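A quick write-up on the structure given underneath.
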Amino acid sequence: MTTKKLFNYSMLSVFAAALTFTSCKEKQEVPKEDAATLSVEFEKYELENGLDVILHQDKSDPIVSVAIQYNVGSNREKTGRTGFAHLFEHMLFQESENVPQDQFFKKIQDAGGTLNGGTWKDGTVYYEVVPKNAMETVLWLESDRMGYLINTVTESAFNNQQEVVQNEKRQRVDNNPYGHEGWVLDKNIYPEGHPYNWQVIGELEDLQNATVEDVKEFYDKFYGPNNATLVLAGDFEKEDAKALVEKYFGEIKRRQEVAPLEPQPVTIAETVRLYHEDNFANTAQLNMVWPTTYQYTEDAYALDFLSELISNGKKAPMYKVLEKEKELSSRFYAYNNSQVLAGEFHVTVTANSGKSLNDIEKGMFEAFARFEKDGITDRDVERIKAGLETDFYNGISSVLGKSFQLAQYNTFAGDPGFIEKDIENIKKVTKEDVMRVYETYIKDKPFVITSFVPKGQMELIAENSTKAAVVEEEIKENVTKVIEETSEEIVKTPSKIDRSIAPNQGETPTLNVPASWTSTLGNGLKVYGIEQNEIPTVNFSLRIDGGHLLDDMEKNGVANLMTDILMEGTKNKTPEQLEEEIEMLGASINMYTTNEAIIIRGNTLVRNFDKTMALVKEILLEPRWDEAEFSRIKTSTINGIKRSDADPNTVADRVYKKILYGEDHIFSYPTSGTAASVEAITIADLKTFYTNNFSPSISSMHVVGKIDEATVLETLKELETSWAAKEVTIPEYPIVNTRDKASLYFVDIPDAKQSVISIGNIGLSRTDKDFFPAEVMNYKLGGSFSGNVNLILREEKGYTYGARSGFSGSKVPGTFTASSSVRTNTTGESVKIFKDEIAKYKEGISKEDLDFTKNALIKSNARRFETQRSLLGMLQEMSEYGLASDYIEKEEDVIRTMTLEDHKALANKLLNQDKMAYIVVGDAATQFEQFKLMGFDEVKLITKDGEESNLDSARY
């Protein structure tokens with residue numbers, strides 16, 4: 001996993017009372033009534049070997065989070081040896097002296113936990129969240145790879161992860177529209193040798209040339225305890241935790257000393273203008289980037305505010321000029337990226353179809369001029385601060401979120417309690433500060449500008465641009481690298497304890513489903529709630545059944561446009577006024593369309609729940625029907641549809657559904673509609689849809705937070721009396737799995753570096769008695785990292801970044817799908833592996849694999865109820881499918897009682913590799929022809945719309 005940034009650490013909260021991180025030695029007082037939510041105590045100490053340890057107790061859920069952050073990211077690499085930090089992150093998941101190959105994931109999953117890691121320019125983090133009884137297991141695992149790993153780094157294991165990381169690069173960069181932009185920008189903002197001159201993922205050539213000796217040198221230098229922070233957060237006793245930390249980490253020896261890096265901000269002498277013809281893009285994209293300053297400086301905070309003010313919302317000059325007035329773009333944003341060493345201010349604008357980036361550049365400078373002319377009000381600054389309070393509470397809603405924050409502050413500010421200073425710095429930002437940094441870093445200053453345009457559309461680039469030196473990988477025939485492994489036994493590093501024996505985990509916490517309540521209002525609206533008092537926020541959703549199912553196939557996309565138009569003001573509020581009222585409450589309200597519903601989602605502070613719900617009521621019952629906004633929304637939607645044609649994953653999903661559901665089912669058409677169908681929709685169509693299909697009789701409300709049933713129902717009284725029920729009939733489309741052959745459908749994406757594979761058939765509805773048992777049955781095939789298809793395609797072969805399989809389903813039958821994105825020259829073999837593994841799976845699994853499945857699924861329920869959002873999901877599932885409040889307990893019974901015979905019978909009933917559709921989206925010129933020789937009943941070349949291609953397939 002790579003990530004540019006875990007989240008914006010300099011904009012966590014502006015709450016006047018301030019969430020206070022306090023050490024046990026210097027505990028600070030907070031108002032008594034806020035103590036439960038506003039005080040997060042921690043204790044920090046240091047082991048003799050230099051490891052910083054931070055403990056935070058949180059007994060609200062029987063789980064523990066463990067995070068280890070190393071002060072090493074790609075900024076510690078050298079030119080010619082890039083990508084090492086991220087490559088090494090992958091290596092640490094392989095094996096260690098006392099943990100066998102591929103057992104890190106399996107042991108944590110077997111304990112009911114989850115785990116991952118992340119690398120960015122300034123750091124690397126590893127983390128686990130487990131039931132509390134498995135805390136010692138995590139400390140054993142993490143300490144083993146910190147102190148007892150390097151003797152296990154073999155040529156074959158290293159070669160495998162080289163391949164996996166290269167596939168991650170292909171998936172995230174080479175096979176994506178605009179994927180190379182980060183590389184072009186960093187190469188031209190930062191001079192050669194600057195630690196930010198290269199990408200976290202690294203150069204492909206460097207990844208291919210890396211050696212085991214390189215890895216060992218990197219490990220010895222940067223992965224010592226004296227360069228790390230260990231955070232434990234959750235349900236544990238401090239003295240027990242301290243003893244275990246000392247037991248497992250105390251004897252690990254210090255390694256080389258790692259000096260902190262000093263800030264290295266940069267300037268550029270003159271504007272640099274570059275272009276690239278993008279193989280995947282359907283529309284052009286402009287990036288403008290100015291060098292700024294490093295994190296935690298006064299200017300960095302003000303630049304964060306500047307980015308919000310110029311790009312986000314109806315008042316933003318980018319919106320007013322680029323979208324509303326000139327209709328040049330419907331997708332744009334700005335952000336300030338202040339990091340440990342330096343920073344950049346980014347503006348990204350994706351053009352509407354056919355629009356010139358030259359015009360967009362001019363429009364951007366008009367937006368800046370508008371910003372200067374209109375200025376900033378105190379209210380503008382305050383509305384940004386208001387949202388940050390809610391965002392902050394959301395950030396600490398989980399023990400993992402708290403672990404990340406404590407680790408980040410300790411690593412980069414030298415103090416896990418830096419939150420207080422951070423908050424004060426945010427609170428101090430004024431409108432004058434914002435204008436000052438605009439004039440200091442942006443106005444009339446040199447910048448880097450990139451034009452990424454669709455191949456062959458050079459007329460769209462910004463003027464005076466020169467060609468960027470993008471290096472693209474050439475597709476070659478797959479050659480398996482042969483590694484000669486020695487059979488020598490791994491030399492184990494001496495230890496005071498027997499690390500070869502995994503700790504005894506003891507008893508797993510028992511299932512404790514939170515109490516929920518239900519009620520039905522007088523107008524038929526069903527209300528579901530859970531009171532959770534950990535943080536002073538409320539999460540809610542209103543579901544109106546129907547959604548895409550109610551769309552007319554001739555005017556597909558009405559439901560989706562409906563969710564957009566309803567957020568564009570009300571009878572008494574302009575779009576700008578509505579947006580500002582929501583923001584001043586520190587709230588968020590969003591609407592979206594699914595196959596079977598229209599959803600309104602919201603998040604707000606408890607004290608503002610009534611005001612937020614008053615706005616929801618106004619949005620729902622008093623639409624504005626603004627013709628100008630409707631025209632803008634249509635333009636935005638059509639351009640989004642056109643852009644999606646460039647994404648191989650979107651194309652694969654669209655074609656897959658069309659083939660499986662057939663042209664007579666609404667699910668074979670995208671929820672957003674097509675460019676042609678959206679163009680034909682009128683505002684009268686939306687009004688008709690609204691009049692006919694919005695009713696409390698087919699709706700349900702779900703509320704989770706620090707709020708009781710009586711308060712929720714009192715707040716909903718106005719919605720109860722104002723929203724009258726009506727009869728709504730939701731169409732039913734019969735679905736039958738009539739597939740009787742194995743069909744290979746190939747969609748051509750010329751020069752694709754990866755092939756997107758989707759394999760499957762129509763499956764079950766969520767309400768089918770076999771649905772949940774089927775999910776259990778699938779777990780070891782492809783339902784987790786330790787699934788068979790992932791272990792073969794990723795861990796054994798190195799063909800992919802990940803492979804999965806699973807069942808989807810709602811009230812309408814969903815699909816069984818096995819999928820992956822694989823290196824282009826392994827496409828045929830990968831499809832065959834999927835097909836063979838599905839066939840083999842029907843022969844049955846071992847008792848060990850069934851036990852692993854049961855442990856992973858049952859024990860993971862300890863993590864299921866931690867956050868408000870997870871509880872909201874539980875309520876939504878209960879209401880949508882009519883499930884009893886004890887449905888999770890019944891699911892545990894299904895898992896617990898499943899036998900090997902049950903498992904095998906389900907696999908044979910639901911999996912038939914000889915009657916599935918096999919969709920491949922990739923480079924037909926090199927990959928299509930082989931499938932004619934692979935025993936499929938039919939092999940077809942099809943278009944991105946799922947129609948048989950007119951191209952002469954013989955040329956492939």
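Convention: chains lettered A, B, ... in structure tokens order; per-chain residue numbering from 1; ligands numbered from 1 as shown.
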*If you run DSSP over the backbone, which residues in region 442-578 of chain A end up strand (DSSP E)? Put them as a list in words.*
Val448, Ile449, Thr450, Ser451, Phe452, Val453, Pro454, Thr466, Lys467, Trp517, Thr518, Ser519, Thr520, Lys526, Val527, Tyr528, Gly529, Ile530, Glu531, Thr537, Val538, Asn539, Phe540, Ser541, Leu542, Arg543, Ile544 and Asp545 of chain A
Hey, can you spit out that residue selection with N, CA, C and O atoms as a compact mmCIF listing (two decimals), in the first residue's frame?
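part_6.txt, freshly written:
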```
# COMPACT_ATOMS: atom_id res chain seq x y z
N VAL A 448 4.95 25.36 -11.90
CA VAL A 448 5.04 24.28 -12.88
C VAL A 448 3.63 23.99 -13.37
O VAL A 448 2.70 23.83 -12.56
N ILE A 449 3.46 23.95 -14.69
CA ILE A 449 2.14 23.69 -15.27
C ILE A 449 2.25 22.50 -16.22
O ILE A 449 3.16 22.43 -17.05
N THR A 450 1.36 21.53 -16.04
CA THR A 450 1.36 20.35 -16.90
C THR A 450 0.03 20.23 -17.64
O THR A 450 -1.03 20.46 -17.06
N SER A 451 0.13 19.85 -18.90
CA SER A 451 -1.05 19.56 -19.72
C SER A 451 -1.03 18.08 -20.07
O SER A 451 -0.15 17.63 -20.83
N PHE A 452 -1.94 17.32 -19.52
CA PHE A 452 -2.11 15.91 -19.90
C PHE A 452 -3.33 15.84 -20.81
O PHE A 452 -4.44 16.19 -20.39
N VAL A 453 -3.11 15.43 -22.05
CA VAL A 453 -4.20 15.44 -23.04
C VAL A 453 -4.35 14.05 -23.64
O VAL A 453 -3.40 13.26 -23.68
N PRO A 454 -5.57 13.71 -24.13
CA PRO A 454 -5.74 12.43 -24.82
C PRO A 454 -4.81 12.31 -26.01
O PRO A 454 -4.49 13.31 -26.67
N THR A 466 6.35 22.18 -23.49
CA THR A 466 7.28 21.24 -24.11
C THR A 466 6.98 19.83 -23.60
O THR A 466 6.38 19.65 -22.54
N LYS A 467 7.44 18.86 -24.33
CA LYS A 467 7.12 17.47 -24.02
C LYS A 467 7.80 17.01 -22.73
O LYS A 467 9.00 17.20 -22.55
N TRP A 517 -32.87 0.59 18.85
CA TRP A 517 -34.30 0.81 19.01
C TRP A 517 -34.92 1.08 17.65
O TRP A 517 -34.23 1.49 16.71
N THR A 518 -36.20 0.82 17.53
CA THR A 518 -36.92 1.09 16.28
C THR A 518 -38.25 1.76 16.61
O THR A 518 -38.82 1.57 17.69
N SER A 519 -38.72 2.54 15.66
CA SER A 519 -40.00 3.21 15.81
C SER A 519 -40.56 3.50 14.42
O SER A 519 -39.80 3.56 13.45
N THR A 520 -41.86 3.64 14.33
CA THR A 520 -42.49 4.01 13.06
C THR A 520 -43.29 5.28 13.27
O THR A 520 -44.15 5.36 14.15
N LYS A 526 -40.00 4.60 8.90
CA LYS A 526 -39.42 3.73 9.92
C LYS A 526 -38.10 4.34 10.41
O LYS A 526 -37.28 4.79 9.60
N VAL A 527 -37.90 4.34 11.73
CA VAL A 527 -36.71 4.95 12.32
C VAL A 527 -35.97 3.91 13.14
O VAL A 527 -36.56 3.18 13.94
N TYR A 528 -34.65 3.85 12.93
CA TYR A 528 -33.79 2.91 13.64
C TYR A 528 -32.68 3.72 14.32
O TYR A 528 -32.14 4.66 13.74
N GLY A 529 -32.33 3.35 15.55
CA GLY A 529 -31.32 4.12 16.24
C GLY A 529 -30.44 3.31 17.18
O GLY A 529 -30.84 2.25 17.68
N ILE A 530 -29.23 3.81 17.39
CA ILE A 530 -28.31 3.28 18.39
C ILE A 530 -27.67 4.47 19.09
O ILE A 530 -27.17 5.39 18.44
N GLU A 531 -27.71 4.45 20.41
CA GLU A 531 -27.06 5.51 21.17
C GLU A 531 -25.62 5.09 21.47
O GLU A 531 -25.37 4.03 22.03
N THR A 537 -20.89 13.47 18.34
CA THR A 537 -21.37 13.62 16.96
C THR A 537 -22.54 12.68 16.71
O THR A 537 -22.80 11.76 17.49
N VAL A 538 -23.21 12.92 15.59
CA VAL A 538 -24.30 12.05 15.14
C VAL A 538 -24.06 11.73 13.66
O VAL A 538 -23.74 12.63 12.86
N ASN A 539 -24.19 10.47 13.31
CA ASN A 539 -24.20 10.05 11.91
C ASN A 539 -25.59 9.54 11.58
O ASN A 539 -26.19 8.80 12.37
N PHE A 540 -26.11 9.93 10.43
CA PHE A 540 -27.47 9.50 10.08
C PHE A 540 -27.58 9.25 8.58
O PHE A 540 -26.77 9.73 7.78
N SER A 541 -28.61 8.50 8.22
CA SER A 541 -28.92 8.30 6.80
C SER A 541 -30.43 8.13 6.65
O SER A 541 -31.10 7.55 7.49
N LEU A 542 -30.92 8.67 5.55
CA LEU A 542 -32.32 8.50 5.16
C LEU A 542 -32.33 7.76 3.83
O LEU A 542 -31.75 8.23 2.85
N ARG A 543 -32.95 6.61 3.81
CA ARG A 543 -32.99 5.78 2.60
C ARG A 543 -34.39 5.81 2.01
O ARG A 543 -35.38 5.51 2.69
N ILE A 544 -34.49 6.20 0.74
CA ILE A 544 -35.75 6.17 0.00
C ILE A 544 -35.63 5.07 -1.04
O ILE A 544 -34.82 5.15 -1.97
N ASP A 545 -36.40 4.00 -0.89
CA ASP A 545 -36.29 2.85 -1.80
C ASP A 545 -36.62 3.24 -3.24
O ASP A 545 -37.38 4.17 -3.49
```
*asked:* Neighbouring residues of Met591 (chain A) were defined as those with any atom within 8 Å, considering only C-alpha atoms; residues of the same chain fewer than 3 positions away were excluded. Please report them as a PyMOL selection string.
replied: chain A and resi 563-564+567+598-601
Grab the residues selected above and save them as a PDB file, in the first residue's frame with N, CA and C atoms.
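What ended up in out.pdb:
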```pdb
ATOM      1  N   THR A 563     -30.604  13.277  -7.168  1.00  0.00           N
ATOM      2  CA  THR A 563     -29.816  13.459  -5.958  1.00  0.00           C
ATOM      3  C   THR A 563     -28.935  14.701  -6.049  1.00  0.00           C
ATOM      4  N   ASP A 564     -28.578  15.077  -7.274  1.00  0.00           N
ATOM      5  CA  ASP A 564     -27.758  16.288  -7.446  1.00  0.00           C
ATOM      6  C   ASP A 564     -28.603  17.557  -7.366  1.00  0.00           C
ATOM      7  N   MET A 567     -29.706  18.957  -3.913  1.00  0.00           N
ATOM      8  CA  MET A 567     -28.688  19.618  -3.083  1.00  0.00           C
ATOM      9  C   MET A 567     -28.364  21.020  -3.596  1.00  0.00           C
ATOM     10  N   ILE A 598     -32.328   5.953  -3.130  1.00  0.00           N
ATOM     11  CA  ILE A 598     -31.699   7.261  -3.021  1.00  0.00           C
ATOM     12  C   ILE A 598     -31.391   7.463  -1.544  1.00  0.00           C
ATOM     13  N   ILE A 599     -30.148   7.844  -1.249  1.00  0.00           N
ATOM     14  CA  ILE A 599     -29.675   7.941   0.135  1.00  0.00           C
ATOM     15  C   ILE A 599     -29.289   9.380   0.452  1.00  0.00           C
ATOM     16  N   ILE A 600     -29.723   9.854   1.610  1.00  0.00           N
ATOM     17  CA  ILE A 600     -29.225  11.114   2.161  1.00  0.00           C
ATOM     18  C   ILE A 600     -28.394  10.748   3.385  1.00  0.00           C
ATOM     19  N   ARG A 601     -27.094  11.089   3.347  1.00  0.00           N
ATOM     20  CA  ARG A 601     -26.190  10.790   4.461  1.00  0.00           C
ATOM     21  C   ARG A 601     -25.775  12.073   5.144  1.00  0.00           C
TER      22      ARG A 601
END
```
_Quick check, in Å to one decimal: how far apart do CA of Gly375 (chain A) and CA of Asn358 (chain A) lie?_
25.9 Å
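Interatomic distance, CA of Phe345 (chain A) to CA of Lys187 (chain A): 15.4 Å.
Of the listed residues (A:Lys492, A:Lys385, A:Lys642, A:Arg864), A:Arg864 comes nearest to Thr114 (chain A); the distances count only C-alpha atoms.
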*Might you pull out every residue within 9 Å of region 754-760 of chain A, with only C-alpha atoms counted and same-chain residues fewer than 3 positions away left off, and present them as a VMD selection string?*
chain A and resid 167 170 to 171 174 to 175 648 to 649 652 to 653 656 660 749 751 763 800 805 815 to 827 830 to 831 834 to 835 911 to 913 915 to 923
*Between A:Tyr275, A:Val164, A:Met584, A:Glu629, single out the one closest to Ile384 (chain A), counting only C-alpha atoms.*
A:Met584
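Separating CA of Val245 (chain A) from CA of Pro131 (chain A) is a distance of 17.5 Å.
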For region 164-193 of chain A against region 82-104 of chain A, with a cut-off of 12 Å and counting only C-alpha atoms, what is the closest atom pair and its distance in Å to one decimal for every residue that makes the cut, ordered by chain and number, as a Markdown table?
```
| residue | atom | partner | partner_atom | distance |
| --- | --- | --- | --- | --- |
| A:Val164 | CA | A:His90 | CA | 8.6 |
| A:Val165 | CA | A:Leu87 | CA | 6.6 |
| A:Gln166 | CA | A:Leu87 | CA | 9.5 |
| A:Asn167 | CA | A:Leu87 | CA | 11.9 |
| A:Glu168 | CA | A:Leu87 | CA | 10.7 |
| A:Lys169 | CA | A:Gly83 | CA | 10.4 |
| A:Gly193 | CA | A:Thr82 | CA | 11.1 |
```
*Could you pull the residues within 12 Å of Phe865 (chain A), counting only C-alpha atoms, minus those fewer than 6 positions along the same chain, as an MDAnalysis selection string?*
chainID A and resid 60:63 131 397:398 511:516 530:532 704 871:875 888
*asked:* Can you pull out the residues contacting Ile641 (chain A)? Cut-off 10 Å, using only C-alpha atoms, and skip same-chain residues under 3 positions away; I want them as a ChimeraX atom specification.
replied: /A:636-638,644-646,670,672-675,678
